[in-house]
Number of protein chains: 2
Amino acid sequence: MEPRIDRLSKQIEDSGVDAYVVTMSPNVYYFTGSISGGRLIVTPKEEPTLLVGRLNLTCAQDQAKGCGVKPYTRKEVIDLMVGELSGANPKTVGFDEISLNMYNDLKQKIPDVELKAAPEIVRNMRMVKDEDEIRLMRRAAELADLGMDAIKDCLRVGIRENEVAAEAAYAMRKEGADALAFPFIVVSGPRSAYPHGGVTDRKIKEGEFVTIDMGAGYKEYKTDITRTFIVGPPTEKQAEIYETVLSANLSALQKIREGVPGTEVHAEAERVIGEAQYGEYFIHGLGHGVGLEVHEGPSLGKSSKDILEIGNVVTNEPGIYIPGYGGVRIEDTVLVTSSDPVCLTKTPKDLDAMRV
Amino acid sequence: MEPRIDRLSKQIEDSGVDAYVVTMSPNVYYFTGSISGGRLIVTPKEEPTLLVGRLNLTCAQDQAKGCGVKPYTRKEVIDLMVGELSGANPKTVGFDEISLNMYNDLKQKIPDVELKAAPEIVRNMRMVKDEDEIRLMRRAAELADLGMDAIKDCLRVGIRENEVAAEAAYAMRKEGADALAFPFIVVSGPRSAYPHGGVTDRKIKEGEFVTIDMGAGYKEYKTDITRTFIVGPPTEKQAEIYETVLSANLSALQKIREGVPGTEVHAEAERVIGEAQYGEYFIHGLGHGVGLEVHEGPSLGKSSKDILEIGNVVTNEPGIYIPGYGGVRIEDTVLVTSSDPVCLTKTPKDLDAMRV
């Protein structure tokens, strides 16, 4: 397969820009294989150049493929960027991300060049995973499942949220995870009504929902899984909420297929939760792409403009959150294939499996 | 003490802006006590408003103090920001951080208002820690020391970098860390020449340097510590490099006092390393502030403009990195007091203590 950096170089011209600057570290990794970060300057004709701080120069020289590597100091970086761009004599330069400060600094040097955020070029490439990426993500998902196994083993009345995170992170790292996909979320009792509630030292009590949202990082790739456990036998209301979210998850899963708009997958979960009269408590989009970052394209939400393609990897994560009471979310990382969707995360999610 | 959000409100007028928008989550936490993120609009006269996405509304309503809380959807957020700002009728609005996209979206609605990045207002406030913050950072530092103890216990020939991270993270979380301050760095052998080399599944070999850079997160506060271990008896060259970095660390530590410029502290480490003929291998600034974020003000580096104040908490982290050979870094988190500097991280760092 053609190197990604060459594909970017070719796509630049079709994208209405004359040159492109990659500034986000996951994107630098995607194109060069280096974890050094930096600023990768890509033009249609010349060899790409990766500008890196001295701190990461050795790392970039060892790892980066398909580009030249040059060091910069903070004072020089704008001039060096301008220098690298000048060969292409661009009218318009695209960036994966650009701050107002970088914009102003560059505009002082090249006032006649249009500078614009053009994240979609890279977003669209990264959205479709190749075989190597899918292999790494399968492994990351297996590691996340091992983390969930460890949680199931340790979760009981009296354990603290941070101790639950300890056990899961330990299990994943011991088996080969080299990072967490993102900081743990362990929210128990009324805190389970916070979709993004972090971790505290709160002790878990009998009868509570405990939602754990976490993922393993494996060779730069991420995975994302959420399960809500119930400590003790569920009440009727807990069971109803849980089964509603599970139905939404399973119905939406069947929509995760090539050619289906992201809005339609979200709408399916919304329909199921709405029919159960919990619509007002489903307060976020159904899912997002996962890969080198835990949030990337495509989006499965109300305002998504994406149509699913083979090779997309997305989360499917409906939830119900009732302020003061608690919440449930069930999330898997799902691969879009030429036939049925494949959950890469495989931890059981039926209600019986969630009782601890 | 006057609430931080009121102090911000008063400082706005002295800072050349008529209103201020806080967009970074650690800053929102600093002013409101909420981990919800969002956009906090502060004007000199009216009650501040925190705009949050629906996802984090309950969290913000439960946690945020000193401000009103209003929900937004992605489509509405720019109009809501403009609405909240309009009461102050501002000519200039400052932001802790502003992307080119947010700038362009706002400019369409309020073309005559100057919008500018003004991070220094909040940076300067956060740089000086109060007693509560110092108490939390002391605990975060203790937890990091427990992590280093666990590393010393497990480090041996044949263990993998990810397994070392597993043991340290486990020890910190079990004792109360609710997060990692940042993703682990465990770099062994030639990889120890990468200051920021992440973690791999590489097996550690006899005679190698192993540098571990990590920290605990405790109730939103972070700490930062690095130690370089040597697996087996050090060679003469290893000992020389190690002792040079240690001398630089100890000499620079004595400069971390009220009234001393950040440049001067850095220069002291540079002097020691330079005199030992390793100057070209010290490739980064000596240190940075730590607090709610692992990188914040003040800076201890060549281009620092900061003068140290009582209540600053900074890292002191000289290093020597020799491409293809390896590297050493020794880092503590240090509190500036009215008398001697205090290392909050206390793991031993003399050469004998680093042999495993």
# chains A, B, ... in the order shown; residues from 1 in each chain; ligands from 1
$ residues_around --residues "range 191-193 of chain A" --least-positions-apart "3" --cutoff "7 Å" --atoms "only C-alpha atoms" --output "ChimeraX atom specification"
/A:187-188,197,209-211,321-323,325-327
$ closest_atom_pairs --of "chain B" --to "chain A" --cutoff "9 Å" --atoms "only C-alpha atoms" --output "JSON lines"
{"residue": "B:Ile35", "atom": "CA", "partner": "A:Gly197", "partner_atom": "CA", "distance": 7.5}
{"residue": "B:Ser36", "atom": "CA", "partner": "A:His196", "partner_atom": "CA", "distance": 7.7}
{"residue": "B:Gly53", "atom": "CA", "partner": "A:His284", "partner_atom": "CA", "distance": 8.9}
{"residue": "B:Arg54", "atom": "CA", "partner": "A:Ile283", "partner_atom": "CA", "distance": 6.0}
{"residue": "B:Leu55", "atom": "CA", "partner": "A:Ile283", "partner_atom": "CA", "distance": 5.5}
{"residue": "B:Asn56", "atom": "CA", "partner": "A:Tyr194", "partner_atom": "CA", "distance": 6.7}
{"residue": "B:Leu57", "atom": "CA", "partner": "A:Tyr194", "partner_atom": "CA", "distance": 8.5}
{"residue": "B:Thr58", "atom": "CA", "partner": "A:Pro323", "partner_atom": "CA", "distance": 6.3}
{"residue": "B:Cys59", "atom": "CA", "partner": "A:Tyr194", "partner_atom": "CA", "distance": 5.8}
{"residue": "B:Glu97", "atom": "CA", "partner": "A:Ser99", "partner_atom": "CA", "distance": 8.1}
{"residue": "B:Ile98", "atom": "CA", "partner": "A:Leu100", "partner_atom": "CA", "distance": 6.0}
{"residue": "B:Ser99", "atom": "CA", "partner": "A:Ser99", "partner_atom": "CA", "distance": 4.3}
{"residue": "B:Leu100", "atom": "CA", "partner": "A:Leu100", "partner_atom": "CA", "distance": 4.6}
{"residue": "B:Asn101", "atom": "CA", "partner": "A:Ala117", "partner_atom": "CA", "distance": 7.3}
{"residue": "B:Met102", "atom": "CA", "partner": "A:Leu100", "partner_atom": "CA", "distance": 8.8}
{"residue": "B:Tyr103", "atom": "CA", "partner": "A:Leu100", "partner_atom": "CA", "distance": 7.2}
{"residue": "B:Lys116", "atom": "CA", "partner": "A:Leu100", "partner_atom": "CA", "distance": 8.0}
{"residue": "B:Ala117", "atom": "CA", "partner": "A:Asn101", "partner_atom": "CA", "distance": 7.3}
{"residue": "B:Arg160", "atom": "CA", "partner": "A:Gly176", "partner_atom": "CA", "distance": 9.0}
{"residue": "B:Glu161", "atom": "CA", "partner": "A:Asp178", "partner_atom": "CA", "distance": 8.1}
{"residue": "B:Asn162", "atom": "CA", "partner": "A:Asp178", "partner_atom": "CA", "distance": 5.3}
{"residue": "B:Glu163", "atom": "CA", "partner": "A:Lys174", "partner_atom": "CA", "distance": 5.3}
{"residue": "B:Val164", "atom": "CA", "partner": "A:Lys174", "partner_atom": "CA", "distance": 8.7}
{"residue": "B:Ala165", "atom": "CA", "partner": "A:Arg173", "partner_atom": "CA", "distance": 7.4}
{"residue": "B:Ala166", "atom": "CA", "partner": "A:Tyr170", "partner_atom": "CA", "distance": 5.1}
{"residue": "B:Glu167", "atom": "CA", "partner": "A:Tyr170", "partner_atom": "CA", "distance": 7.1}
{"residue": "B:Ala169", "atom": "CA", "partner": "A:Ala166", "partner_atom": "CA", "distance": 7.2}
{"residue": "B:Tyr170", "atom": "CA", "partner": "A:Ala166", "partner_atom": "CA", "distance": 5.1}
{"residue": "B:Ala171", "atom": "CA", "partner": "A:Ala166", "partner_atom": "CA", "distance": 8.0}
{"residue": "B:Met172", "atom": "CA", "partner": "A:Ala166", "partner_atom": "CA", "distance": 8.2}
{"residue": "B:Arg173", "atom": "CA", "partner": "A:Ala166", "partner_atom": "CA", "distance": 5.3}
{"residue": "B:Lys174", "atom": "CA", "partner": "A:Glu163", "partner_atom": "CA", "distance": 5.2}
{"residue": "B:Glu175", "atom": "CA", "partner": "A:Glu163", "partner_atom": "CA", "distance": 8.2}
{"residue": "B:Gly176", "atom": "CA", "partner": "A:Asn162", "partner_atom": "CA", "distance": 6.5}
{"residue": "B:Ala177", "atom": "CA", "partner": "A:Asn162", "partner_atom": "CA", "distance": 6.8}
{"residue": "B:Asp178", "atom": "CA", "partner": "A:Asn162", "partner_atom": "CA", "distance": 5.3}
{"residue": "B:Ala179", "atom": "CA", "partner": "A:Pro183", "partner_atom": "CA", "distance": 6.7}
{"residue": "B:Leu180", "atom": "CA", "partner": "A:Pro183", "partner_atom": "CA", "distance": 7.6}
{"residue": "B:Pro183", "atom": "CA", "partner": "A:Ala179", "partner_atom": "CA", "distance": 6.7}
{"residue": "B:Phe184", "atom": "CA", "partner": "A:Ala179", "partner_atom": "CA", "distance": 7.4}
{"residue": "B:Arg191", "atom": "CA", "partner": "A:Cys59", "partner_atom": "CA", "distance": 8.4}
{"residue": "B:Ala193", "atom": "CA", "partner": "A:Thr58", "partner_atom": "CA", "distance": 7.5}
{"residue": "B:Tyr194", "atom": "CA", "partner": "A:Cys59", "partner_atom": "CA", "distance": 5.8}
{"residue": "B:Pro195", "atom": "CA", "partner": "A:Leu55", "partner_atom": "CA", "distance": 6.5}
{"residue": "B:His196", "atom": "CA", "partner": "A:Asn56", "partner_atom": "CA", "distance": 7.0}
{"residue": "B:Gly197", "atom": "CA", "partner": "A:Cys59", "partner_atom": "CA", "distance": 7.4}
{"residue": "B:Gly198", "atom": "CA", "partner": "A:Asp178", "partner_atom": "CA", "distance": 8.1}
{"residue": "B:Val199", "atom": "CA", "partner": "A:Asp178", "partner_atom": "CA", "distance": 5.5}
{"residue": "B:Thr200", "atom": "CA", "partner": "A:Asp178", "partner_atom": "CA", "distance": 5.8}
{"residue": "B:Asp201", "atom": "CA", "partner": "A:Gly176", "partner_atom": "CA", "distance": 6.7}
{"residue": "B:Tyr218", "atom": "CA", "partner": "A:Thr200", "partner_atom": "CA", "distance": 8.8}
{"residue": "B:Lys219", "atom": "CA", "partner": "A:Thr200", "partner_atom": "CA", "distance": 7.5}
{"residue": "B:Phe282", "atom": "CA", "partner": "A:Leu55", "partner_atom": "CA", "distance": 8.9}
{"residue": "B:Ile283", "atom": "CA", "partner": "A:Leu55", "partner_atom": "CA", "distance": 5.5}
{"residue": "B:His284", "atom": "CA", "partner": "A:Leu55", "partner_atom": "CA", "distance": 5.7}
{"residue": "B:Ile322", "atom": "CA", "partner": "A:Thr58", "partner_atom": "CA", "distance": 9.0}
{"residue": "B:Pro323", "atom": "CA", "partner": "A:Thr58", "partner_atom": "CA", "distance": 6.3}
{"residue": "B:Gly324", "atom": "CA", "partner": "A:Thr58", "partner_atom": "CA", "distance": 8.7}
$ residues_around --residues "Leu292 in chain B" --least-positions-apart "3" --cutoff "10 Å" --atoms "only C-alpha atoms" --output "number ranges by chain"
B: 25-27, 29-30, 126, 133, 137, 181, 217-223, 289, 295-296
$ write_last_selection --atoms "N, CA and C atoms" --output "PDB file, in the first residue's frame"
ATOM      1  N   SER B  25     -10.364  23.081  30.622  1.00  0.00           N
ATOM      2  CA  SER B  25     -10.984  22.399  31.764  1.00  0.00           C
ATOM      3  C   SER B  25     -10.253  22.615  33.089  1.00  0.00           C
ATOM      4  N   PRO B  26      -8.915  22.555  33.143  1.00  0.00           N
ATOM      5  CA  PRO B  26      -8.262  22.795  34.438  1.00  0.00           C
ATOM      6  C   PRO B  26      -8.544  24.204  34.971  1.00  0.00           C
ATOM      7  N   ASN B  27      -8.682  25.158  34.081  1.00  0.00           N
ATOM      8  CA  ASN B  27      -9.001  26.519  34.520  1.00  0.00           C
ATOM      9  C   ASN B  27     -10.442  26.614  35.015  1.00  0.00           C
ATOM     10  N   TYR B  29     -12.010  24.249  36.406  1.00  0.00           N
ATOM     11  CA  TYR B  29     -11.954  23.639  37.741  1.00  0.00           C
ATOM     12  C   TYR B  29     -11.380  24.620  38.767  1.00  0.00           C
ATOM     13  N   TYR B  30     -10.327  25.294  38.397  1.00  0.00           N
ATOM     14  CA  TYR B  30      -9.657  26.229  39.307  1.00  0.00           C
ATOM     15  C   TYR B  30     -10.619  27.296  39.816  1.00  0.00           C
ATOM     16  N   ARG B 126      -2.665  30.933  38.861  1.00  0.00           N
ATOM     17  CA  ARG B 126      -2.462  29.517  39.186  1.00  0.00           C
ATOM     18  C   ARG B 126      -1.038  29.218  39.639  1.00  0.00           C
ATOM     19  N   GLU B 133      -4.001  23.946  48.129  1.00  0.00           N
ATOM     20  CA  GLU B 133      -3.359  23.345  46.951  1.00  0.00           C
ATOM     21  C   GLU B 133      -2.046  22.649  47.339  1.00  0.00           C
ATOM     22  N   MET B 137      -0.908  18.784  46.868  1.00  0.00           N
ATOM     23  CA  MET B 137       0.296  18.447  46.101  1.00  0.00           C
ATOM     24  C   MET B 137       1.295  17.657  46.943  1.00  0.00           C
ATOM     25  N   ALA B 181      -0.693  11.525  36.691  1.00  0.00           N
ATOM     26  CA  ALA B 181      -0.481  12.919  36.324  1.00  0.00           C
ATOM     27  C   ALA B 181      -0.359  13.066  34.803  1.00  0.00           C
ATOM     28  N   GLY B 217      -1.888  11.667  40.227  1.00  0.00           N
ATOM     29  CA  GLY B 217      -2.929  12.679  40.283  1.00  0.00           C
ATOM     30  C   GLY B 217      -3.752  12.449  41.536  1.00  0.00           C
ATOM     31  N   TYR B 218      -3.994  13.529  42.291  1.00  0.00           N
ATOM     32  CA  TYR B 218      -4.747  13.401  43.534  1.00  0.00           C
ATOM     33  C   TYR B 218      -5.702  14.581  43.643  1.00  0.00           C
ATOM     34  N   LYS B 219      -6.968  14.311  43.572  1.00  0.00           N
ATOM     35  CA  LYS B 219      -8.003  15.367  43.641  1.00  0.00           C
ATOM     36  C   LYS B 219      -7.650  16.518  42.695  1.00  0.00           C
ATOM     37  N   GLU B 220      -7.395  16.176  41.478  1.00  0.00           N
ATOM     38  CA  GLU B 220      -7.103  17.091  40.354  1.00  0.00           C
ATOM     39  C   GLU B 220      -5.672  17.642  40.362  1.00  0.00           C
ATOM     40  N   TYR B 221      -4.927  17.501  41.452  1.00  0.00           N
ATOM     41  CA  TYR B 221      -3.550  18.025  41.474  1.00  0.00           C
ATOM     42  C   TYR B 221      -2.561  16.945  41.056  1.00  0.00           C
ATOM     43  N   LYS B 222      -1.470  17.411  40.471  1.00  0.00           N
ATOM     44  CA  LYS B 222      -0.499  16.505  39.868  1.00  0.00           C
ATOM     45  C   LYS B 222       0.845  16.650  40.553  1.00  0.00           C
ATOM     46  N   THR B 223       1.682  15.654  40.355  1.00  0.00           N
ATOM     47  CA  THR B 223       3.069  15.773  40.758  1.00  0.00           C
ATOM     48  C   THR B 223       3.907  15.108  39.683  1.00  0.00           C
ATOM     49  N   GLY B 289       6.348  24.728  36.013  1.00  0.00           N
ATOM     50  CA  GLY B 289       5.391  24.645  37.101  1.00  0.00           C
ATOM     51  C   GLY B 289       4.541  23.392  37.002  1.00  0.00           C
ATOM     52  N   HIS B 295       2.136  20.608  33.194  1.00  0.00           N
ATOM     53  CA  HIS B 295       2.952  21.698  32.661  1.00  0.00           C
ATOM     54  C   HIS B 295       2.182  22.995  32.814  1.00  0.00           C
ATOM     55  N   GLU B 296       2.647  23.865  33.670  1.00  0.00           N
ATOM     56  CA  GLU B 296       2.043  25.188  33.814  1.00  0.00           C
ATOM     57  C   GLU B 296       3.162  26.149  34.218  1.00  0.00           C
TER      58      GLU B 296
END
$ residues_around --residues "Val260 in chain B" --least-positions-apart "6" --cutoff "12 Å" --atoms "only C-alpha atoms" --output "PyMOL selection string"
chain B and resi 252-254+266-268+298-300+304-310+312+336+341
$ residues_around --residues "range 19-21 of chain B" --least-positions-apart "5" --cutoff "6 Å" --atoms "only C-alpha atoms" --output "JSON, numbers by chain"
{"B": [40, 41, 42, 43, 93, 94, 95]}
$ residues_around --residues "Leu344 in chain A" --least-positions-apart "3" --cutoff "8 Å" --atoms "only C-alpha atoms" --output "PyMOL selection string"
chain A and resi 137-138+141-142+332-335
$ atom_distance --atom1 "CA of Ser86 in chain A" --atom2 "CA of Ser9 in chain A"
15.8 Å
$ residues_around --residues "Asp18 in chain B" --least-positions-apart "3" --cutoff "8 Å" --atoms "only C-alpha atoms" --output "ChimeraX atom specification"
/B:12-13,43-44,88,90-94
$ write_last_selection --atoms "N, CA and C atoms" --output "PDB file, in the first residue's frame"
ATOM      1  N   ILE B  12      -9.651  41.462  35.662  1.00  0.00           N
ATOM      2  CA  ILE B  12      -9.934  41.645  34.241  1.00  0.00           C
ATOM      3  C   ILE B  12      -9.661  43.083  33.824  1.00  0.00           C
ATOM      4  N   GLU B  13     -10.178  44.015  34.622  1.00  0.00           N
ATOM      5  CA  GLU B  13     -10.064  45.425  34.231  1.00  0.00           C
ATOM      6  C   GLU B  13      -8.612  45.900  34.176  1.00  0.00           C
ATOM      7  N   THR B  43     -17.206  38.655  33.609  1.00  0.00           N
ATOM      8  CA  THR B  43     -17.168  40.089  33.308  1.00  0.00           C
ATOM      9  C   THR B  43     -16.980  40.823  34.631  1.00  0.00           C
ATOM     10  N   PRO B  44     -16.605  42.100  34.601  1.00  0.00           N
ATOM     11  CA  PRO B  44     -16.308  42.794  35.863  1.00  0.00           C
ATOM     12  C   PRO B  44     -17.529  42.958  36.763  1.00  0.00           C
ATOM     13  N   ALA B  88     -21.663  43.131  29.264  1.00  0.00           N
ATOM     14  CA  ALA B  88     -20.477  43.932  29.576  1.00  0.00           C
ATOM     15  C   ALA B  88     -20.122  44.875  28.430  1.00  0.00           C
ATOM     16  N   PRO B  90     -18.350  44.615  25.733  1.00  0.00           N
ATOM     17  CA  PRO B  90     -16.879  44.673  25.721  1.00  0.00           C
ATOM     18  C   PRO B  90     -16.307  45.164  24.392  1.00  0.00           C
ATOM     19  N   LYS B  91     -15.210  45.889  24.510  1.00  0.00           N
ATOM     20  CA  LYS B  91     -14.426  46.207  23.306  1.00  0.00           C
ATOM     21  C   LYS B  91     -13.394  45.127  23.049  1.00  0.00           C
ATOM     22  N   THR B  92     -12.913  44.516  24.141  1.00  0.00           N
ATOM     23  CA  THR B  92     -11.880  43.479  24.033  1.00  0.00           C
ATOM     24  C   THR B  92     -12.239  42.308  24.950  1.00  0.00           C
ATOM     25  N   VAL B  93     -12.176  41.109  24.403  1.00  0.00           N
ATOM     26  CA  VAL B  93     -12.432  39.912  25.204  1.00  0.00           C
ATOM     27  C   VAL B  93     -11.167  39.055  25.209  1.00  0.00           C
ATOM     28  N   GLY B  94     -10.766  38.630  26.401  1.00  0.00           N
ATOM     29  CA  GLY B  94      -9.606  37.752  26.527  1.00  0.00           C
ATOM     30  C   GLY B  94     -10.022  36.302  26.686  1.00  0.00           C
TER      31      GLY B  94
END
$ closest_residue --among "B:Val313, B:Arg257, B:Glu264, B:Lys203" --to "Arg135 in chain B" --atoms "only C-alpha atoms"
B:Val313
$ closest_residue --among "A:Ile159, A:Ala140, A:Val22, A:Leu80" --to "Leu8 in chain A" --atoms "only C-alpha atoms"
A:Val22
$ atom_distance --atom1 "CA of Ser15 in chain A" --atom2 "CA of Gly33 in chain A"
23.7 Å
$ atom_distance --atom1 "CA of Leu146 in chain A" --atom2 "CA of Asp224 in chain B"
28.8 Å
$ select_by_dssp --residues "range 257-299 of chain B" --states "alpha helix (DSSP H)" --output "VMD selection string"
chain B and resid 262 to 275
